[in-house]
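Right, one structure below, let's go through it.
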Amino acid sequence: MERTNDSILTEFVLVGLSAHPKLQTVFFVLVLWMYLMILLGNGVLISVIIYNSHLHSPMYFFLCNLSFLDICYASSSVPLILDSFLTVRKHVSFSGCMVQMFISFAMGATECMLLGMMALDRYVAICYPLRYPVIMSKGTYVLMAAGSWVSGIVDSVVQTSLAMQLPFCANNVINHFVCEILAILKLACADISINVISMAGSNLTVLVIPLLVISFSYIFIVATILRIPTTEGKRKAFYTCSAHLTVVIIFYGTIFFMYSKPKSKRSVGTDNQDITEALISLFYGVMTPMLNPLIYSLRNKDVKTAVKNMLGRKNLSDGV
């Protein structure tokens, strides 16, 4: 373990799949392909929304933010993950680890808040369609998006600052692919009660409250849809919310699966459990950003039409 003369930890070691070298090659190719799909899919979606004036509405503004956020989130961790697959044990400096943890945590917290804001947008659109342009003015939805980013960044500053103050004097080996905050806290050789309380407050603020907002929004949305007299009207109203609801289920479903599993109290199998948790975290960090643009593209006629038009203009210009 690398230390300076005053016994301050200077680096961490990421274990990843070092105990399974054959799997490392497979996962390297798979994760690299998925990362390229994240950049391509979200990049195309952002371009389509920016350059198509018909998509300049609150819903697509939030979607553009979500796509940019997914690119940032994946880019904060995937390069480190890919690098760990190429080395037996990846050494990461303490400062580098904290920076990566800060960005990943900030992007994850921001996405929770943003999904809540998107649910509010759908609630207003379905329940108050005539007042929607007035309620969701440009100033309102820009402020909602900015609030999501500020909340996520501030939350990450608090959690990262508290983690940086902890002493790590016994072990610097992280059974993970990246510097994940819970994996870091396991290595501390001091009381982490403040960190636990702070994390509980963080979960309440950026996880539970947005989930409650989403839940209550969709309760009112479903109630409104059921009052629509025509089947076609009900189908159209539900169709406008289906993409967001699918993303929410995947996002929160993965989070709850990650953090609600009972922890083994036995020392035997603990490493295997850590690797399992790391693989689930890998799915959360790579699969979700890759699926988001696909879900919104396949389940949204406006986006599909805009993509086809953009590709059509590109082919036409190439032909000329």
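Please note that chains go A, B, ... in the order of the structure tokens, that every chain numbers its residues from 1, and that ligands are numbered from 1 in the order shown.
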
### Nearby residues (only C-alpha atoms) at most 12 Å from Ser47 of chain A, same-chain spacing under 3 positions excluded, as a list in words
Leu39, Leu40, Gly41, Asn42, Gly43, Val44, Ile50, Tyr51, Asn52, Ser53, Leu55, His56, Tyr60, Phe61, Leu63, Cys64, Asn65, Ser67, Phe68, Pro293, Val303, Ala306, Val307, Met310 and Leu311 of chain A

### Minimum-distance residue to Tyr284 of chain A, chosen among A:Cys169, A:Leu14, A:Ala188, A:Val78 (using only C-alpha atoms)
A:Val78

### Query
Near Ile81 of chain A, within 9 Å and counting only C-alpha atoms, which residues show up once chain neighbours fewer than 6 positions away are dropped, as a list in words?
Gly16, Phe28, Val31, Phe177, Val178 and Leu282 of chain A

Can those selected residues be exported to a file as a compact mmCIF listing (two decimals), in the first residue's frame so that it contains C-alpha atoms?
```txt
# COMPACT_ATOMS: atom_id res chain seq x y z
CA GLY A 16 -12.55 -5.51 -10.65
CA PHE A 28 -13.84 -5.20 -22.22
CA VAL A 31 -18.47 -2.50 -22.27
CA PHE A 177 -14.52 -1.49 -11.06
CA VAL A 178 -14.65 2.18 -10.06
CA LEU A 282 -21.74 -1.95 -13.96
```

### Message
Measuring between only C-alpha atoms, which one of A:Phe102, A:Tyr252, A:Tyr73, A:Asn195 shows the shortest distance to Met290 of chain A?
### Response
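Nearest candidate to Met290 of chain A out of A:Phe102, A:Tyr252, A:Tyr73, A:Asn195: A:Tyr73.
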
#### Entry: Residue nearest Ser84 of chain A among A:His176, A:His54, A:Lys138, A:Lys22 (counting only C-alpha atoms)
A:His176

### Task
Find the spatial neighbours of Leu115 of chain A, counting only C-alpha atoms, within a cut-off of 8 Å - ignore same-chain residues fewer than 6 positions away - and output them as a ChimeraX atom specification.
/A:210,214,244,248

## Note on the structure
Leu294 of chain A proximity check over A:Leu45, A:Ala237, A:Ala190, A:Val196, using only C-alpha atoms: winner is A:Leu45

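With only C-alpha atoms as the atoms that count, the minimum distance from Leu166 of chain A to the choices A:Ile192, A:Ala183, A:Ile219, A:Val142 is reached by A:Ile192.
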
### Among listed residues A:Lys236, A:Arg122, A:His91, A:Arg131, nearest Phe220 of chain A (using only C-alpha atoms)
A:Arg122

#### Entry: Gap from atom CA of Val13 of chain A to atom CA of Lys90 of chain A - Å, one decimal
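Those two atoms sit 5.5 Å apart.
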
### Task
Rounded to one decimal place, report the atom CA of Ile295 of chain A-atom CA of Leu245 of chain A distance in Å.
10.2 Å

### Query
Out of segment 102-279 of chain A, which residues get helix (DSSP H, G or I) from DSSP, as a PyMOL selection string?
chain A and resi 102-127+132-135+138-164+181-185+193-226+231-259+270-279

### Task
Pick out the residues sitting within 12 Å of Glu11 of chain A, and hand them over as a PyMOL selection string; count only C-alpha atoms, and ignore anything fewer than 6 positions along from it in its own chain.
chain A and resi 1-4+90-98+168-169+171-174+179+184

Dump C-alpha atoms for the selected residues as a short mmCIF file (atom, residue, chain, number, x, y, z; two decimals), in the first residue's frame?
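Full text of again_2.cif as output:
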```
data_model
loop_
_atom_site.label_atom_id
_atom_site.label_comp_id
_atom_site.auth_asym_id
_atom_site.auth_seq_id
_atom_site.Cartn_x
_atom_site.Cartn_y
_atom_site.Cartn_z
CA MET A 1 0.00 0.00 0.00
CA GLU A 2 1.42 3.32 -1.11
CA ARG A 3 1.74 5.97 1.60
CA THR A 4 3.61 9.20 2.13
CA LYS A 90 -5.70 -0.89 -11.52
CA HIS A 91 -3.94 1.71 -9.33
CA VAL A 92 -5.81 5.01 -8.98
CA SER A 93 -4.51 8.06 -7.12
CA PHE A 94 -6.49 9.24 -4.11
CA SER A 95 -7.36 12.55 -5.78
CA GLY A 96 -8.26 10.84 -9.07
CA CYS A 97 -10.51 8.44 -7.20
CA MET A 98 -12.29 11.27 -5.40
CA PHE A 168 -7.87 4.83 5.30
CA CYS A 169 -5.18 3.07 7.26
CA ASN A 171 -6.61 -1.42 3.34
CA ASN A 172 -6.68 0.38 0.00
CA VAL A 173 -8.08 -2.45 -2.14
CA ILE A 174 -11.53 -1.73 -3.60
CA CYS A 179 -14.40 4.39 -6.98
CA ILE A 184 -14.86 3.54 -0.35
#
```

### Message
Using DSSP secondary structure from the backbone, list all strand (DSSP E) positions within segment 69-211 of chain A, as a list in words.
### Response
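Taking segment 69-211 of chain A and keeping strand (DSSP E) only, one gets Lys90, His91, Val92, Ser93, Val173 and Ile174 of chain A.
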
### Query
Got a sec: who's within 12 Å of Ala223 of chain A, counting only C-alpha atoms, leaving out chain neighbours fewer than 5 positions off, as a ChimeraX atom specification?
/A:123,126-127,216-218,228,234,237-238

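Atom CA of Ser76 of chain A lies 22.5 Å from atom CA of Leu23 of chain A.
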